[in-house]
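File shown: data-v3.cif (mmCIF, C-alpha atoms and all ligand atoms).
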data_query
loop_
_atom_site.label_atom_id
_atom_site.label_comp_id
_atom_site.auth_asym_id
_atom_site.auth_seq_id
_atom_site.Cartn_x
_atom_site.Cartn_y
_atom_site.Cartn_z
CA MET A 119 -1.30 -17.50 -8.75
CA ALA A 120 -3.85 -14.83 -9.71
CA GLU A 121 -5.15 -15.05 -6.11
CA GLU A 122 -2.03 -13.42 -4.64
CA ARG A 123 -2.90 -10.40 -2.49
CA THR A 124 -0.99 -7.35 -1.32
CA PHE A 125 -1.60 -4.54 1.12
CA ILE A 126 -1.39 -1.07 -0.44
CA ALA A 127 -1.99 2.10 1.54
CA ILE A 128 -2.19 5.73 0.57
CA LYS A 129 -0.48 7.55 3.43
CA PRO A 130 -1.77 10.77 5.08
CA ASP A 131 0.28 12.96 2.71
CA GLY A 132 -1.15 11.18 -0.34
CA VAL A 133 -4.67 11.69 1.05
CA GLN A 134 -4.08 15.37 1.89
CA ARG A 135 -2.63 16.00 -1.55
CA GLY A 136 -5.67 14.58 -3.31
CA LEU A 137 -3.86 11.60 -4.85
CA ILE A 138 -6.22 8.79 -3.81
CA GLY A 139 -7.89 8.63 -7.21
CA ASP A 140 -4.65 8.73 -9.20
CA ILE A 141 -3.11 5.90 -7.19
CA ILE A 142 -6.20 3.68 -7.29
CA LYS A 143 -6.50 4.34 -11.03
CA ARG A 144 -3.06 2.88 -11.72
CA PHE A 145 -3.86 -0.40 -9.95
CA GLU A 146 -7.25 -0.62 -11.66
CA GLN A 147 -5.82 0.14 -15.10
CA LYS A 148 -3.07 -2.42 -14.64
CA GLY A 149 -5.72 -5.11 -14.23
CA PHE A 150 -5.43 -5.85 -10.53
CA LYS A 151 -8.61 -6.46 -8.57
CA LEU A 152 -9.63 -4.49 -5.50
CA VAL A 153 -10.82 -6.84 -2.75
CA GLY A 154 -10.75 -4.57 0.29
CA MET A 155 -10.66 -0.87 1.04
CA LYS A 156 -11.13 1.34 4.09
CA PHE A 157 -10.59 5.02 4.78
CA THR A 158 -9.37 5.27 8.33
CA GLN A 159 -7.15 7.12 10.76
CA ALA A 160 -5.10 4.23 12.11
CA SER A 161 -4.28 3.99 15.82
CA GLU A 162 -0.68 4.49 16.93
CA GLU A 163 -0.83 0.96 18.29
CA LEU A 164 -1.68 -0.50 14.87
CA LEU A 165 0.98 1.61 13.14
CA LYS A 166 3.67 0.62 15.63
CA GLU A 167 2.84 -3.01 14.91
CA HIS A 168 2.70 -2.39 11.15
CA TYR A 169 6.24 -0.97 11.19
CA ILE A 170 7.58 -3.23 13.99
CA ASP A 171 10.51 -4.42 11.82
CA LEU A 172 11.79 -0.81 11.72
CA LYS A 173 11.60 -0.31 15.49
CA ALA A 174 15.38 0.13 15.85
CA ARG A 175 15.62 2.75 13.09
CA PRO A 176 16.02 6.42 14.08
CA PHE A 177 12.98 7.47 12.01
CA TYR A 178 10.58 4.89 13.56
CA GLU A 179 8.84 7.24 16.03
CA GLY A 180 8.51 10.02 13.43
CA LEU A 181 7.23 7.53 10.87
CA CYS A 182 4.49 6.29 13.22
CA LYS A 183 3.54 9.89 14.07
CA TYR A 184 3.34 10.85 10.39
CA MET A 185 1.23 7.81 9.59
CA HIS A 186 -1.10 8.65 12.50
CA SER A 187 -1.36 12.36 11.57
CA GLY A 188 -4.39 11.90 9.31
CA PRO A 189 -6.49 9.37 7.47
CA VAL A 190 -5.04 6.73 5.19
CA CYS A 191 -6.70 4.77 2.38
CA ALA A 192 -5.94 1.12 3.15
CA MET A 193 -6.48 -1.39 0.37
CA VAL A 194 -6.03 -5.01 -0.59
CA TRP A 195 -5.34 -5.70 -4.27
CA GLU A 196 -5.33 -9.13 -5.88
CA GLY A 197 -3.67 -10.57 -8.97
CA LEU A 198 -0.75 -12.46 -10.48
CA ASN A 199 2.51 -11.38 -8.79
CA VAL A 200 0.70 -8.39 -7.29
CA VAL A 201 3.15 -8.09 -4.37
CA LYS A 202 6.23 -7.67 -6.58
CA THR A 203 4.50 -5.73 -9.33
CA GLY A 204 2.83 -3.48 -6.76
CA ARG A 205 6.26 -2.53 -5.40
CA VAL A 206 7.49 -1.80 -8.93
CA MET A 207 4.46 0.44 -9.51
CA LEU A 208 5.14 2.30 -6.24
CA GLY A 209 8.82 2.89 -7.04
CA GLU A 210 11.80 2.96 -4.68
CA THR A 211 11.40 3.83 -0.99
CA ASN A 212 13.23 7.09 -1.65
CA PRO A 213 11.35 9.06 -4.33
CA ALA A 214 14.69 10.50 -5.46
CA ASP A 215 15.63 6.99 -6.66
CA SER A 216 12.21 6.28 -8.19
CA LYS A 217 11.86 6.32 -11.95
CA PRO A 218 9.33 8.56 -13.70
CA GLY A 219 6.24 6.48 -14.39
CA THR A 220 6.20 5.06 -10.87
CA ILE A 221 3.87 6.52 -8.25
CA ARG A 222 6.66 7.84 -6.03
CA GLY A 223 8.66 8.91 -9.08
CA ASP A 224 5.76 10.99 -10.34
CA PHE A 225 4.12 12.39 -7.21
CA CYS A 226 6.60 12.96 -4.37
CA ILE A 227 10.09 14.14 -3.43
CA GLN A 228 11.25 13.03 0.03
CA VAL A 229 11.55 9.60 1.67
CA GLY A 230 9.72 10.80 4.79
CA ARG A 231 6.71 11.87 2.69
CA ASN A 232 6.58 9.12 0.10
CA ILE A 233 2.73 8.95 -0.08
CA CYS A 234 2.19 5.20 -0.35
CA HIS A 235 2.92 1.82 1.18
CA GLY A 236 3.13 -1.61 -0.43
CA SER A 237 3.93 -4.99 1.13
CA ASP A 238 7.45 -6.23 0.34
CA SER A 239 6.75 -10.00 0.29
CA VAL A 240 3.83 -12.42 0.22
CA ASP A 241 4.53 -13.23 3.86
CA SER A 242 4.43 -9.61 5.00
CA ALA A 243 1.38 -8.98 2.78
CA ASN A 244 -0.50 -11.71 4.63
CA LYS A 245 0.53 -10.28 8.00
CA GLU A 246 -0.38 -6.71 7.02
CA ILE A 247 -3.75 -7.72 5.54
CA ALA A 248 -4.61 -9.57 8.76
CA LEU A 249 -3.54 -6.54 10.82
CA TRP A 250 -5.60 -3.99 8.88
CA PHE A 251 -8.66 -6.03 7.81
CA LYS A 252 -11.06 -8.49 9.36
CA PRO A 253 -11.66 -11.51 7.09
CA GLU A 254 -15.27 -10.39 6.48
CA GLU A 255 -14.06 -7.01 5.22
CA LEU A 256 -12.42 -8.67 2.21
CA VAL A 257 -14.61 -9.37 -0.81
CA SER A 258 -14.02 -12.31 -3.13
CA TRP A 259 -15.62 -11.48 -6.46
CA LYS A 260 -15.24 -12.41 -10.11
CA SER A 261 -14.26 -9.64 -12.45
CA CYS A 262 -15.85 -9.80 -15.90
CA ALA A 263 -12.53 -8.52 -17.29
CA GLY A 264 -10.63 -11.48 -15.81
CA SER A 265 -10.56 -13.56 -18.97
CA TRP A 266 -9.29 -10.54 -20.94
CA ILE A 267 -6.48 -9.90 -18.46
CA TYR A 268 -5.30 -13.52 -17.99
CA GLU A 269 -4.94 -16.12 -20.78
P1 LIG B 1 9.06 0.82 1.96
O1 LIG B 1 7.90 1.70 2.39
O2 LIG B 1 9.49 1.16 0.56
O3 LIG B 1 8.80 -0.65 2.17
P2 LIG B 1 10.75 0.71 4.33
O4 LIG B 1 12.23 0.59 4.33
O5 LIG B 1 9.95 -0.46 4.76
O6 LIG B 1 10.31 1.21 2.86
O7 LIG B 1 10.38 1.98 5.22
C1 LIG B 1 9.04 2.22 5.59
C2 LIG B 1 8.77 3.68 5.48
O8 LIG B 1 9.59 4.38 6.41
C3 LIG B 1 9.10 4.33 4.14
O9 LIG B 1 8.11 4.14 3.16
C4 LIG B 1 9.22 5.79 4.54
O10 LIG B 1 7.94 6.37 4.72
C5 LIG B 1 9.88 5.66 5.90
N1 LIG B 1 11.33 5.81 5.81
C6 LIG B 1 12.23 4.92 5.34
N2 LIG B 1 13.49 5.40 5.41
C7 LIG B 1 13.37 6.64 5.95
C8 LIG B 1 14.32 7.66 6.30
O11 LIG B 1 15.52 7.52 6.10
N3 LIG B 1 13.80 8.80 6.84
C9 LIG B 1 12.48 9.00 7.07
N4 LIG B 1 11.56 8.06 6.76
C10 LIG B 1 12.00 6.90 6.22
MG MG B 2 8.59 -1.72 3.90
#

Just give me the structure of the file as structure tokens.
Amino acid sequence: MAEERTFIAIKPDGVQRGLIGDIIKRFEQKGFKLVGMKFTQASEELLKEHYIDLKARPFYEGLCKYMHSGPVCAMVWEGLNVVKTGRVMLGETNPADSKPGTIRGDFCIQVGRNICHGSDSVDSANKEIALWFKPEELVSWKSCAGSWIYE
């Protein structure tokens, strides 16, 4: 369904390194539709919830601290298979395993500073979108390019 949505975030390192525009550009050029965006320094409480599945991992505390260390650009993108394709565009979790042409493959080096987040399933996308955005902060709109992107 072209209405599938995913949560994509540019992490504090991506923001500090001036990569917001480059990352947004790739999703726009691909043909996905932006339906929500906010520039915000997330609370530790929100971040702990966002990464709750990783609570038992040794890097969990450091991860939450890093994510809270500065502003992030939080976004919701919409389109056909956007969850899976968004992850492909981001690359592997560890930039060392990410192919050139992916965001992590092109712009970063270490797993602990991998500049971007993308939901890993439709279910987690829905949870993450609800955590980061109020329903009224999401915009349903018709793109004039839609009929040139989908047959
Ligand atoms: P993902 O972001 O590709 O979905 P997850 O396994 O969900 O990867 O991990 C969430 C985030 O935790 C990663 O993007 C990365 O920032 C961080 N992370 C994962 N593994 C490590 C690690 O071994 N050391 C430090 N940070 C890590
Ligand atoms: Mg993940």

Minimum-distance residue to Leu249 in chain A, chosen among A:Trp195, A:Phe145, A:Phe225, A:Tyr169 (using only C-alpha atoms): A:Tyr169

Contacts to ligand LIG 1 (chain B) at 9 Å cut-off (only C-alpha atoms and all ligand atoms) as a PyMOL selection string: chain A and resi 129+169+171-172+175-178+180-182+184-185+205+208-212+228-238

Computed interatomic separation between CA of Gly132 in chain A and CA of Asn199 in chain A (Å): 24.4 Å

Selection: 7 Å around Gly197 in chain A, all atoms listed in the file, excl. self and same-chain fewer than 5 positions, as a ChimeraX atom specification: /A:120-123,150-151

Any chance you can output those residues with C-alpha atoms as a short mmCIF file (atom, residue, chain, number, x, y, z; two decimals), in the coordinates of the input?
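Full text of selection26.cif as output:
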data_model
loop_
_atom_site.label_atom_id
_atom_site.label_comp_id
_atom_site.auth_asym_id
_atom_site.auth_seq_id
_atom_site.Cartn_x
_atom_site.Cartn_y
_atom_site.Cartn_z
CA ALA A 120 -3.85 -14.83 -9.71
CA GLU A 121 -5.15 -15.05 -6.11
CA GLU A 122 -2.03 -13.42 -4.64
CA ARG A 123 -2.90 -10.40 -2.49
CA PHE A 150 -5.43 -5.85 -10.53
CA LYS A 151 -8.61 -6.46 -8.57
#

Residues within 10 Å of (-1.3, -1.6, 10.2), counting all atoms listed in the file, listed as a PyMOL selection string: chain A and resi 125+127+160-170+185+192+245-251

Restricted to C-alpha atoms, what would the selected residues look like written as an mmCIF file, in the coordinates of the input?
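In the end it all went to selection_34.cif:
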data_model
loop_
_atom_site.group_PDB
_atom_site.id
_atom_site.type_symbol
_atom_site.label_atom_id
_atom_site.label_comp_id
_atom_site.auth_asym_id
_atom_site.auth_seq_id
_atom_site.Cartn_x
_atom_site.Cartn_y
_atom_site.Cartn_z
ATOM 1 C CA PHE A 125 -1.600 -4.540 1.120
ATOM 2 C CA ALA A 127 -1.990 2.100 1.540
ATOM 3 C CA ALA A 160 -5.100 4.230 12.110
ATOM 4 C CA SER A 161 -4.280 3.990 15.820
ATOM 5 C CA GLU A 162 -0.680 4.490 16.930
ATOM 6 C CA GLU A 163 -0.830 0.960 18.290
ATOM 7 C CA LEU A 164 -1.680 -0.500 14.870
ATOM 8 C CA LEU A 165 0.980 1.610 13.140
ATOM 9 C CA LYS A 166 3.670 0.620 15.630
ATOM 10 C CA GLU A 167 2.840 -3.010 14.910
ATOM 11 C CA HIS A 168 2.700 -2.390 11.150
ATOM 12 C CA TYR A 169 6.240 -0.970 11.190
ATOM 13 C CA ILE A 170 7.580 -3.230 13.990
ATOM 14 C CA MET A 185 1.230 7.810 9.590
ATOM 15 C CA ALA A 192 -5.940 1.120 3.150
ATOM 16 C CA LYS A 245 0.530 -10.280 8.000
ATOM 17 C CA GLU A 246 -0.380 -6.710 7.020
ATOM 18 C CA ILE A 247 -3.750 -7.720 5.540
ATOM 19 C CA ALA A 248 -4.610 -9.570 8.760
ATOM 20 C CA LEU A 249 -3.540 -6.540 10.820
ATOM 21 C CA TRP A 250 -5.600 -3.990 8.880
ATOM 22 C CA PHE A 251 -8.660 -6.030 7.810
#
